Every structure is written in C-alpha cells, then in structure tokens.
file input_5.cif (mmCIF, C-alpha atoms)
data_data
#
loop_
_atom_site.label_atom_id
_atom_site.label_comp_id
_atom_site.auth_asym_id
_atom_site.auth_seq_id
_atom_site.Cartn_x
_atom_site.Cartn_y
_atom_site.Cartn_z
CA MET A 186 18.04 39.79 -6.89
CA TRP A 187 17.20 38.15 -3.58
CA ILE A 188 19.04 34.94 -4.41
CA GLU A 189 22.15 36.80 -5.54
CA GLN A 190 22.04 38.79 -2.33
CA ALA A 191 22.07 35.57 -0.29
CA LEU A 192 24.76 33.90 -2.41
CA GLN A 193 27.06 36.87 -1.82
CA GLN A 194 26.86 36.24 1.93
CA LEU A 195 28.26 32.69 1.69
CA ASP A 196 31.61 32.63 3.48
CA CYS A 197 33.43 29.92 1.54
CA SER A 198 36.66 30.11 3.54
CA ALA A 199 34.85 29.81 6.86
CA LEU A 200 32.78 26.95 5.49
CA ILE A 201 35.85 24.89 4.58
CA ALA A 202 37.63 25.77 7.83
CA PHE A 203 34.61 24.58 9.80
CA LEU A 204 34.38 21.41 7.72
CA ARG A 205 38.01 20.63 8.48
CA GLN A 206 37.26 21.03 12.18
CA LEU A 207 34.34 18.64 11.87
CA VAL A 208 36.33 16.00 10.01
CA ALA A 209 39.19 16.30 12.51
CA THR A 210 36.72 15.58 15.33
CA PRO A 211 36.17 11.80 15.61
CA SER A 212 32.49 10.93 15.93
CA VAL A 213 32.54 7.15 15.57
CA TYR A 214 30.09 5.59 18.00
CA GLN A 215 31.46 2.63 19.94
CA SER A 216 29.27 1.13 22.65
CA ASP A 217 32.27 -0.10 24.66
CA ARG A 218 33.91 3.34 24.86
CA PRO A 219 32.16 6.13 26.78
CA ASP A 220 34.12 8.81 24.91
CA ALA A 221 33.50 7.40 21.43
CA ASN A 222 30.33 9.15 20.32
CA GLU A 223 28.99 12.18 18.48
CA GLU A 224 29.06 14.70 21.34
CA ALA A 225 32.20 16.61 20.36
CA ALA A 226 31.04 17.02 16.75
CA ALA A 227 27.54 18.04 17.88
CA ARG A 228 29.08 20.58 20.26
CA LEU A 229 31.02 22.15 17.37
CA VAL A 230 27.74 22.52 15.46
CA ALA A 231 25.85 23.95 18.44
CA GLN A 232 28.64 26.42 19.26
CA GLN A 233 28.77 27.65 15.68
CA LEU A 234 25.02 28.18 15.66
CA GLN A 235 25.26 30.11 18.93
CA VAL A 236 27.98 32.35 17.49
CA TRP A 237 25.54 33.15 14.69
CA GLY A 238 22.91 34.20 17.20
CA CYS A 239 20.78 31.06 16.99
CA SER A 240 19.40 29.20 20.00
CA PRO A 241 19.92 25.54 19.10
CA THR A 242 18.11 22.77 20.92
CA TRP A 243 20.36 20.11 22.48
CA GLN A 244 18.35 16.88 22.50
CA LEU A 245 20.12 14.08 24.35
CA VAL A 246 19.17 10.83 22.66
CA ALA A 247 21.55 8.67 24.73
CA PRO A 248 24.60 9.46 26.89
CA GLY A 249 27.07 11.37 24.71
CA ARG A 250 24.71 11.27 21.74
CA PRO A 251 22.91 14.61 21.28
CA ASN A 252 20.80 15.83 18.39
CA VAL A 253 21.10 19.50 17.52
CA ILE A 254 18.09 21.34 16.09
CA ALA A 255 17.81 25.01 15.11
CA ASP A 256 15.26 27.13 13.28
CA LEU A 257 15.68 30.12 11.02
CA GLU A 258 12.42 32.05 10.86
CA GLY A 259 11.62 33.82 7.63
CA PRO A 260 11.17 37.60 7.85
CA GLY A 261 8.57 37.35 5.11
CA GLY A 262 5.82 35.90 7.29
CA PRO A 263 4.11 32.50 7.48
CA GLY A 264 4.82 29.82 4.92
CA ARG A 265 6.25 26.38 4.42
CA CYS A 266 8.76 24.66 6.67
CA LEU A 267 11.80 23.18 4.92
CA LEU A 268 14.02 20.81 6.87
CA PHE A 269 17.69 20.24 6.10
CA ALA A 270 19.20 17.09 7.67
CA GLY A 271 22.81 16.08 8.20
CA HIS A 272 24.06 13.52 10.72
CA THR A 273 27.18 13.83 12.88
CA ASP A 274 28.13 10.15 13.25
CA VAL A 275 30.64 8.43 10.97
CA VAL A 276 31.63 4.81 10.55
CA THR A 277 34.91 3.39 11.80
CA PRO A 278 37.95 4.16 9.65
CA GLY A 279 38.89 0.46 9.82
CA GLU A 280 42.51 -0.57 9.40
CA ARG A 281 44.80 2.46 9.57
CA SER A 282 47.23 0.77 7.17
CA ALA A 283 44.59 0.96 4.41
CA TRP A 284 44.69 4.77 4.51
CA ARG A 285 47.27 7.01 2.84
CA PHE A 286 45.97 9.91 4.92
CA ASP A 287 45.21 10.24 8.61
CA PRO A 288 41.46 9.37 8.87
CA PHE A 289 41.01 12.34 11.23
CA GLY A 290 43.74 14.58 9.85
CA ALA A 291 41.38 16.60 7.63
CA GLU A 292 44.19 17.00 5.10
CA LEU A 293 43.52 19.24 2.13
CA VAL A 294 45.37 18.01 -0.97
CA ALA A 295 44.81 19.21 -4.54
CA GLY A 296 41.31 20.46 -3.82
CA ARG A 297 40.23 17.36 -1.93
CA LEU A 298 39.59 17.13 1.79
CA TYR A 299 40.47 13.67 3.09
CA GLY A 300 39.14 11.99 6.23
CA ARG A 301 36.49 9.73 7.64
CA GLY A 302 33.16 11.46 7.21
CA ALA A 303 34.44 14.08 4.76
CA ALA A 304 31.80 12.95 2.26
CA ASP A 305 29.47 10.94 4.51
CA MET A 306 28.35 13.36 5.54
CA LYS A 307 30.18 16.21 7.19
CA GLY A 308 30.60 17.92 3.82
CA GLY A 309 26.85 18.13 3.37
CA LEU A 310 26.32 19.04 7.02
CA ALA A 311 28.73 21.98 6.84
CA ALA A 312 27.25 23.11 3.52
CA MET A 313 23.69 23.21 4.86
CA LEU A 314 24.73 25.14 7.99
CA PHE A 315 26.63 27.80 6.07
CA ALA A 316 23.86 28.05 3.48
CA ALA A 317 21.44 28.88 6.30
CA ARG A 318 23.92 31.42 7.68
CA ALA A 319 24.18 33.13 4.29
CA ILE A 320 20.39 33.39 4.11
CA GLN A 321 20.32 34.73 7.66
CA LEU A 322 22.92 37.43 6.90
CA SER A 323 21.20 38.44 3.66
CA ALA A 324 17.96 39.31 5.47
CA VAL A 325 16.03 38.02 2.46
CA PRO A 326 12.32 38.17 3.39
CA PHE A 327 11.55 34.52 2.72
CA ARG A 328 8.34 33.02 3.98
CA GLY A 329 8.09 30.23 6.55
CA ARG A 330 10.97 28.52 8.30
CA ILE A 331 14.20 26.65 7.69
CA ARG A 332 14.81 23.88 10.22
CA LEU A 333 18.32 22.51 10.61
CA ALA A 334 18.28 18.94 11.93
CA VAL A 335 21.60 17.39 12.98
CA PRO A 336 20.86 13.91 14.34
CA VAL A 337 23.09 11.15 15.70
CA ASP A 338 23.18 7.45 14.81
CA GLU A 339 22.27 7.54 11.13
CA GLU A 340 24.87 4.82 10.55
CA GLY A 341 23.24 2.66 13.23
CA MET A 342 19.57 2.21 14.01
CA MET A 343 18.75 5.87 13.28
CA LEU A 344 17.97 6.60 16.92
CA GLY A 345 18.62 10.29 16.37
CA ILE A 346 16.02 10.99 13.71
CA LYS A 347 13.52 8.74 15.51
CA ALA A 348 13.97 10.74 18.72
CA LEU A 349 13.75 14.00 16.82
CA ILE A 350 10.44 12.96 15.29
CA ALA A 351 9.08 11.62 18.60
CA ALA A 352 9.80 14.99 20.23
CA GLY A 353 7.74 16.80 17.60
CA TYR A 354 10.53 18.43 15.58
CA ALA A 355 9.18 16.99 12.34
CA ASP A 356 5.65 18.22 12.98
CA GLY A 357 4.64 20.85 10.47
CA VAL A 358 7.58 20.16 8.16
CA ASP A 359 6.46 20.32 4.54
CA ALA A 360 9.55 18.85 2.85
CA ALA A 361 13.11 17.78 3.62
CA ILE A 362 16.45 17.96 1.85
CA ILE A 363 18.80 15.22 3.06
CA CYS A 364 22.37 16.39 2.46
CA GLU A 365 24.00 12.99 1.86
CA PRO A 366 26.73 12.59 -0.80
CA GLU A 367 25.04 11.77 -4.10
CA GLU A 368 27.59 12.97 -6.67
CA ARG A 369 25.49 15.95 -7.82
CA GLU A 370 22.47 13.75 -8.54
CA VAL A 371 19.08 14.97 -7.35
CA CYS A 372 17.82 11.76 -5.77
CA ILE A 373 14.07 11.44 -5.77
CA THR A 374 13.92 7.84 -4.57
CA GLN A 375 15.81 5.59 -2.18
CA LYS A 376 15.77 1.93 -1.40
CA GLY A 377 14.13 0.66 1.73
CA ALA A 378 16.10 -1.26 4.34
CA LEU A 379 14.50 -4.15 6.22
CA ARG A 380 16.68 -5.94 8.77
CA LEU A 381 15.50 -9.33 10.02
CA ARG A 382 16.79 -11.93 12.43
CA LEU A 383 15.84 -15.54 11.76
CA LEU A 384 16.10 -18.15 14.51
CA SER A 385 16.18 -21.89 14.08
CA TYR A 386 15.63 -24.30 17.00
CA GLY A 387 16.61 -27.94 17.16
CA ARG A 388 17.91 -30.49 19.67
CA ILE A 389 21.57 -31.10 20.39
CA ALA A 390 22.92 -34.60 19.67
CA HIS A 391 26.11 -36.48 18.84
CA GLY A 392 27.40 -35.84 15.33
CA ALA A 393 27.77 -39.61 14.84
CA MET A 394 24.07 -40.08 15.57
CA PRO A 395 22.32 -37.06 14.03
CA TYR A 396 19.03 -38.96 13.92
CA MET A 397 18.92 -38.59 17.73
CA GLY A 398 18.59 -34.80 17.49
CA VAL A 399 17.43 -31.98 15.25
CA ASN A 400 20.13 -29.93 13.54
CA ALA A 401 19.18 -26.25 13.89
CA LEU A 402 21.92 -25.29 11.45
CA SER A 403 20.63 -27.65 8.75
CA GLY A 404 17.18 -26.15 9.15
CA MET A 405 18.55 -22.63 8.77
CA VAL A 406 20.61 -23.55 5.72
CA GLN A 407 17.52 -24.96 4.03
CA LEU A 408 15.53 -21.87 4.92
CA LEU A 409 18.21 -19.54 3.53
CA GLU A 410 18.27 -21.56 0.33
CA ARG A 411 14.54 -21.00 -0.02
CA LEU A 412 14.94 -17.27 0.63
CA LEU A 413 17.59 -16.93 -2.07
CA ARG A 414 15.14 -18.54 -4.48
CA LEU A 415 12.50 -16.10 -3.20
CA GLU A 416 14.84 -13.23 -4.02
CA THR A 417 15.12 -14.50 -7.61
CA ARG A 418 11.34 -14.69 -7.95
CA LEU A 419 10.84 -11.19 -6.51
CA LYS A 420 13.45 -9.78 -8.89
CA GLN A 421 11.63 -11.35 -11.78
CA GLN A 422 8.29 -10.02 -10.53
CA TYR A 423 9.37 -6.44 -9.78
CA GLY A 424 12.21 -6.06 -12.26
CA ARG A 425 14.69 -3.21 -12.21
CA HIS A 426 13.74 0.21 -10.92
CA PRO A 427 15.12 2.80 -13.39
CA LEU A 428 16.96 4.68 -10.62
CA LEU A 429 17.48 2.02 -7.95
CA GLY A 430 18.15 -1.24 -9.75
CA GLU A 431 16.96 -4.53 -8.22
CA LEU A 432 15.87 -5.49 -4.72
CA HIS A 433 18.16 -7.70 -2.67
CA ILE A 434 17.70 -10.25 0.10
CA THR A 435 21.17 -10.69 1.55
CA PRO A 436 22.12 -13.03 4.41
CA THR A 437 24.92 -11.27 6.29
CA VAL A 438 25.45 -13.26 9.51
CA LEU A 439 25.04 -16.98 10.34
CA ARG A 440 25.76 -18.34 13.83
CA ALA A 441 25.49 -21.72 15.53
CA PRO A 442 25.40 -22.34 18.43
CA LEU A 443 24.27 -19.01 19.88
CA ASP A 444 25.87 -19.09 23.31
CA GLY A 445 28.45 -20.89 25.39
CA ASP A 446 31.76 -22.08 24.02
CA ALA A 447 32.43 -22.36 20.31
CA GLY A 448 30.56 -25.19 18.72
CA GLN A 449 32.09 -28.63 18.70
CA ILE A 450 32.51 -30.41 15.39
CA ASN A 451 30.93 -33.58 16.74
CA CYS A 452 27.76 -31.91 18.12
CA LEU A 453 24.58 -30.85 16.37
CA PRO A 454 23.78 -27.24 17.33
CA GLY A 455 20.50 -26.82 19.15
CA GLN A 456 20.09 -23.19 18.05
CA CYS A 457 21.09 -21.10 15.07
CA ASP A 458 20.36 -17.57 13.91
CA ALA A 459 20.88 -15.63 10.71
CA TYR A 460 20.56 -11.95 9.83
CA LEU A 461 19.09 -10.62 6.61
CA ASP A 462 19.76 -7.20 5.10
CA ILE A 463 16.90 -6.64 2.65
CA ARG A 464 17.01 -3.66 0.27
CA SER A 465 13.61 -3.03 -1.23
CA LEU A 466 11.97 -1.00 -3.99
CA PRO A 467 9.01 1.39 -3.72
CA ALA A 468 6.76 -1.07 -5.59
CA ILE A 469 6.80 -3.71 -2.85
CA SER A 470 5.82 -3.22 0.78
CA HIS A 471 7.88 -4.60 3.63
CA ALA A 472 4.76 -6.28 4.97
CA ASP A 473 4.53 -8.26 1.73
CA ILE A 474 8.20 -9.26 1.96
CA VAL A 475 7.80 -10.46 5.54
CA ALA A 476 4.65 -12.36 4.58
CA ALA A 477 6.54 -14.07 1.74
CA ILE A 478 9.32 -15.10 4.13
CA ARG A 479 6.81 -16.47 6.64
CA TYR A 480 5.23 -18.46 3.82
CA GLU A 481 8.62 -20.05 3.09
CA ILE A 482 9.05 -20.86 6.78
CA ASP A 483 5.65 -22.54 6.92
CA ALA A 484 6.33 -24.47 3.71
CA LEU A 485 9.64 -25.78 5.07
CA ARG A 486 8.01 -26.81 8.34
CA THR A 487 5.37 -28.72 6.40
CA GLU A 488 8.16 -30.76 4.81
CA HIS A 489 10.16 -31.06 8.06
CA PRO A 490 7.86 -30.74 11.09
CA ALA A 491 10.78 -31.09 13.50
CA TYR A 492 12.20 -27.73 12.46
CA VAL A 493 11.09 -24.71 14.49
CA PHE A 494 11.72 -21.14 13.38
CA ASP A 495 11.13 -17.61 14.59
CA LEU A 496 11.45 -14.23 12.89
CA GLU A 497 12.27 -10.86 14.44
CA ILE A 498 11.98 -7.49 12.69
CA LEU A 499 14.98 -5.45 13.83
CA ASP A 500 14.56 -2.36 11.68
CA ASP A 501 12.06 -1.26 9.07
CA ARG A 502 12.92 1.65 6.79
CA PRO A 503 10.62 1.83 3.78
CA ALA A 504 11.64 2.89 0.31
CA THR A 505 10.74 6.47 -0.60
CA GLU A 506 9.82 8.06 -3.90
CA ILE A 507 8.82 11.59 -4.80
CA ALA A 508 7.62 12.96 -8.12
CA ALA A 509 10.13 14.96 -10.11
CA GLU A 510 7.45 17.66 -10.37
CA HIS A 511 7.24 18.14 -6.59
CA PRO A 512 8.10 21.74 -5.60
CA VAL A 513 11.05 20.75 -3.40
CA VAL A 514 12.55 18.66 -6.22
CA GLN A 515 12.05 21.50 -8.67
CA ALA A 516 13.71 23.88 -6.21
CA VAL A 517 16.82 21.70 -5.94
CA LEU A 518 16.90 21.21 -9.72
CA ALA A 519 16.73 24.98 -10.16
CA GLY A 520 19.58 25.46 -7.70
CA HIS A 521 21.78 22.90 -9.42
CA ARG A 522 21.07 24.34 -12.85
CA GLN A 523 21.98 27.85 -11.74
CA VAL A 524 25.17 26.80 -9.93
CA TYR A 525 26.49 24.28 -12.44
CA GLY A 526 25.08 25.77 -15.61
CA CYS A 527 23.50 22.50 -16.72
CA PRO A 528 20.53 20.30 -15.76
CA ALA A 529 20.99 17.86 -12.89
CA VAL A 530 20.67 14.11 -13.28
CA LEU A 531 17.79 12.53 -11.40
CA GLY A 532 19.04 9.63 -9.30
CA GLY A 533 18.29 7.12 -6.58
CA VAL A 534 19.96 6.42 -3.26
CA PRO A 535 21.34 2.86 -3.08
CA GLY A 536 21.20 2.88 0.73
CA ALA A 537 18.78 4.32 3.27
CA THR A 538 18.98 7.78 4.85
CA ASP A 539 17.30 9.55 7.75
CA GLY A 540 14.75 10.59 5.14
CA THR A 541 13.25 7.10 5.15
CA ILE A 542 12.17 7.65 8.76
CA LEU A 543 10.80 11.12 8.03
CA TRP A 544 8.67 9.57 5.29
CA ARG A 545 7.69 6.50 7.30
CA ASP A 546 6.62 8.33 10.44
CA ARG A 547 5.35 11.68 9.11
CA GLU A 548 5.02 11.20 5.32
CA ILE A 549 7.37 14.13 4.73
CA PRO A 550 8.50 14.28 1.07
CA VAL A 551 12.28 13.97 0.87
CA VAL A 552 14.89 14.68 -1.76
CA VAL A 553 18.53 13.68 -1.27
CA TYR A 554 21.28 15.93 -2.62
CA GLY A 555 24.76 16.55 -1.31
CA PRO A 556 28.47 16.88 -2.08
CA GLY A 557 30.66 13.84 -2.58
CA ASP A 558 30.96 10.68 -4.63
CA LYS A 559 28.02 8.39 -3.78
CA TYR A 560 30.32 5.35 -3.73
CA ILE A 561 33.17 6.76 -1.60
CA PRO A 562 31.47 6.55 1.85
CA HIS A 563 32.89 3.98 4.29
CA GLN A 564 36.01 3.42 2.14
CA PRO A 565 39.65 4.15 3.04
CA ASP A 566 40.86 7.59 1.94
CA GLU A 567 37.33 8.96 1.91
CA PHE A 568 37.33 12.47 0.49
CA VAL A 569 35.17 15.29 -0.73
CA GLU A 570 35.96 17.92 -3.34
CA VAL A 571 36.12 21.33 -1.64
CA ASP A 572 34.60 23.05 -4.66
CA GLU A 573 31.68 20.63 -4.58
CA VAL A 574 30.97 21.47 -0.92
CA ILE A 575 30.86 25.17 -1.75
CA ARG A 576 28.60 24.56 -4.74
CA ALA A 577 26.30 22.39 -2.62
CA ALA A 578 25.89 25.27 -0.17
CA GLN A 579 25.00 27.54 -3.10
CA VAL A 580 22.44 25.02 -4.35
CA TYR A 581 20.92 24.82 -0.86
CA ILE A 582 20.58 28.62 -0.71
CA ILE A 583 18.79 28.74 -4.05
CA ALA A 584 16.64 25.70 -3.30
CA ALA A 585 15.54 27.06 0.09
CA LEU A 586 14.60 30.49 -1.22
CA THR A 587 12.89 28.99 -4.27
CA TYR A 588 10.86 26.50 -2.26
CA LEU A 589 9.95 28.85 0.58
CA GLU A 590 9.38 31.83 -1.72
CA VAL A 591 10.25 35.44 -1.02
CA ASN A 592 7.73 38.01 0.13
CA ASP A 593 8.60 40.91 -2.16
CA SER A 594 6.13 43.16 -0.36
CA SER A 595 8.11 42.87 2.90
CA GLN A 596 10.33 45.72 3.98
CA MET A 597 13.95 44.86 4.63
#
call {"tool": "encode", "arguments": {"input": "input_5.cif", "output": "structure tokens"}}
result
Amino acid sequence: MWIEQALQQLDCSALIAFLRQLVATPSVYQSDRPDANEEAAARLVAQQLQVWGCSPTWQLVAPGRPNVIADLEGPGGPGRCLLFAGHTDVVTPGERSAWRFDPFGAELVAGRLYGRGAADMKGGLAAMLFAARAIQLSAVPFRGRIRLAVPVDEEGMMLGIKALIAAGYADGVDAAIICEPEEREVCITQKGALRLRLLSYGRIAHGAMPYMGVNALSGMVQLLERLLRLETRLKQQYGRHPLLGELHITPTVLRAPLDGDAGQINCLPGQCDAYLDIRSLPAISHADIVAAIRYEIDALRTEHPAYVFDLEILDDRPATEIAAEHPVVQAVLAGHRQVYGCPAVLGGVPGATDGTILWRDREIPVVVYGPGDKYIPHQPDEFVEVDEVIRAAQVYIIAALTYLEVNDSSQM
C-alpha cells in the first residue's frame, strides 16, 4: 500500500521536462574557461529542490563548482540513512561533426533523449530527485533519512565527493545508491582506479654519442616493458572476476623531454614521464600493486644503475564489492523485480564511480544502478531511453522505502 501510494506521486512528465533542461545545460568543466563548469546545472537542481520546499546546502568546492546536498527526513522516526548520488559534470562532447544531434539540444526522438550527459548521468540524477519528491508528496511514514548528494567533478579527480565527505555529509550514512547508467544491472562491485605518474631521469647528450649521457626515454621504455609483463603475471595470478573481468595496467601518456621546446632528434632526453591508468579487482590491494611496481623499478636499477626513477600516486580509488544479500542490494533487486516484472542481473561497473570514495573514506556499502546503456557514456550521440529513466525513478522509490522501512504505527 505505502509503495503504491508513493509510486502514484511520481510526475513522469515533469521528470522528463527537468531532465531535458539538465541536458540542455552544458556542465563540461574546462580549467581555461571561467564559465565552463557545473554551476548552472547545480543551480537548476538547487532551485528545483527549493520549489519542493527543501533547503539544499550549496557547498562550493571550487569557483563555479558547487555540490548540492539535501535531506528528506522520514516521518516514521529514527532509522537508517540512505544516500543517493548523482554528479552534475559531463565530459566534453568532442568533435561536433561526430554527432547527428546537437550535444546540448536535448532532442527527444523515438523515445530517446539525446545529448551529452543524458545517460552519464543526468538521467539517473533526475530520476533520483523525482523519486525523492514522490516519496515526499506521498507522506509515507518511512524511518530515517534520504540524503540526496549531487557532487561535481566525478569525471575528474572526484573533488566533489571528497569535499562532501570531508564536510561530514557522509557521516552516519548506512548505504548508498549510485545512480550511474548500468543498463538495468544491479552492480554490486566496481573496479578500482589507480593513477600513477612515473618519472625517469637521465643526462642529456648528443644522439651521435649516446654513451656520453643517460637516455631517460630508454629507461622509461624498459620500465614500461617490465610493467606490461607484470600485468600479464597479475592477470594469471588473480584471473577473471565473474562480474568485472581482468585487471589492467595501461600506459596512457609518454613524454620526453618534459619542458622547453619539443625534443630534438639528435639529443638524448634528460627527463621522461609516463602515466598509468590501472584498473584493479577487489582481490588485490593498491598497496600491493604499487609495491610490485617499485620492485620492478628496483630490479631495473640493479641492471642499469645509471637509471633513476620516481613514482607519484595521483589518485587512488579502490575497488568495491558488496554481498548480494546486503539489505540495500536486496532493496534495489526488489524494486527492479516489481517494476520490470523479472529478476535483475547482478553486474559490475567497468569504471570507477563516486561510490569508490564513499567506500574508501567511510566504508559505506554502495550499489550502482541507473538508467542508460553502460557503454554509451562519453560517445557521440549519447542517449538515454525516456522509459528507462521513469522506471529507474520507480525502482528508487521502492528501494528507498524497502531499505528504510515504513513505520506502520505512525499516523499520517
């Protein structure tokens, strides 16, 4: 009865209209443009919450980059705190010529809403907001609290969720639903992301007399070769995770020299750096990965004492995993089953979400579930199915009321 009462309050038309507004509002962060940030999108969210009678917190993380946080207190008395998270930032649309649709046109065609961020993740963000509104209007006497967290910078260094946690907004949270696009899968695990910078130092010399210097680029190439072999060994050791696949150690950037004019063909570079994007599995800690890389550095230096290396940890987002039996997972599964009429597939997130930071810093159990194809983010002609956004909001309503529980003894 209570769940049906809340579902009846979901305003599907208003939800899609708001989503179109969000998608039509560019929120691509660009450090060289003061107006290219998440502020306009965050303001839309905050204004909508204010219209609904909420008092959202406006947490300025950096100029033009505000988090928005709002609470919905349960009329049923004390209980758990369930956090819903959806970020406002989107990646660049890239080359306009690659798109059939305007990246910020929010065009609705044959049941699909097209635009940058439609799936990743303004669809999930809008769904979670309107799910909370439906619960608010229904006056269902649920216990505890729903916290709506709308951070910035998920596509970057996750400054938003880090600031939110540092300010205490994750304190007391019992579980989190991250509303990222996962193609109707209930994702109970996600890969970790470890970003490293490797530096190689040498001594500049004439290319015709390389024995008079130390080639920093040659040292880095040999180190990267060792790390690719390390990746093979780690894959053999840890195998394939049933929901995540294999771990990866991927060099993404290689530069030499590091400053000044472009390198000359007839000069040995004195410095070189390389960036690694490492995607890990729950079975291996990032400390162990870093230790294995340092071992390879030391082994290479033993063979070539002239080489000098350094390693910097740029970002450390651990893998997360939650038991399928956890109450928040069971609540989302129940919501999906009721809305779709069939059991959900358990899945894994190939990338990292804000949930990795919630787990790392506060050990908050996270489940990831949201509207949209899990492989469409960051691509041209990104889209989300309108029906899937509406169904996601319905799932969120059911999951929230199931997890938080309803106090049937309360008077409406």
call {"tool": "closest_residue", "arguments": {"input": "input_5.cif", "among": "A:Gln422, A:Ser212, A:Asn592, A:Gln523", "to": "Ile469 (chain A)", "atoms": "all atoms listed in the file"}}
result
A:Gln422
call {"tool": "residues_around", "arguments": {"input": "input_5.cif", "residues": "Pro436 (chain A)", "least_positions_apart": "5", "cutoff": "9 Å", "atoms": "all atoms listed in the file", "output": "ChimeraX atom specification"}}
result
/A:409,413,459-463
call {"tool": "closest_residue", "arguments": {"input": "input_5.cif", "among": "A:Gly357, A:Gly404, A:Pro241, A:Pro565", "to": "Leu485 (chain A)", "atoms": "only C-alpha atoms"}}
result
A:Gly404
call {"tool": "closest_residue", "arguments": {"input": "input_5.cif", "among": "A:Ala585, A:Ile561, A:Leu428, A:Leu415", "to": "Glu368 (chain A)", "atoms": "only C-alpha atoms"}}
result
A:Ile561
call {"tool": "resolve_selection", "arguments": {"input": "input_5.cif", "expression": "the PyMOL selection byres ((chain A and resi 382) around 7)", "output": "NGL selection string"}}
result
:A and (381 or 383-384 or 458-461 or 496-499)
call {"tool": "residues_around", "arguments": {"input": "input_5.cif", "residues": "Arg328 (chain A)", "least_positions_apart": "3", "cutoff": "7 Å", "atoms": "only C-alpha atoms", "output": "ChimeraX atom specification"}}
result
/A:259-265,589-592
call {"tool": "write_last_selection", "arguments": {"input": "input_5.cif", "atoms": "C-alpha atoms", "output": "CSV table (one decimal), keeping the file's coordinate frame"}}
result
chain,number,residue,atom,x,y,z
A,259,GLY,CA,11.6,33.8,7.6
A,260,PRO,CA,11.2,37.6,7.8
A,261,GLY,CA,8.6,37.4,5.1
A,262,GLY,CA,5.8,35.9,7.3
A,263,PRO,CA,4.1,32.5,7.5
A,264,GLY,CA,4.8,29.8,4.9
A,265,ARG,CA,6.2,26.4,4.4
A,589,LEU,CA,10.0,28.8,0.6
A,590,GLU,CA,9.4,31.8,-1.7
A,591,VAL,CA,10.2,35.4,-1.0
A,592,ASN,CA,7.7,38.0,0.1
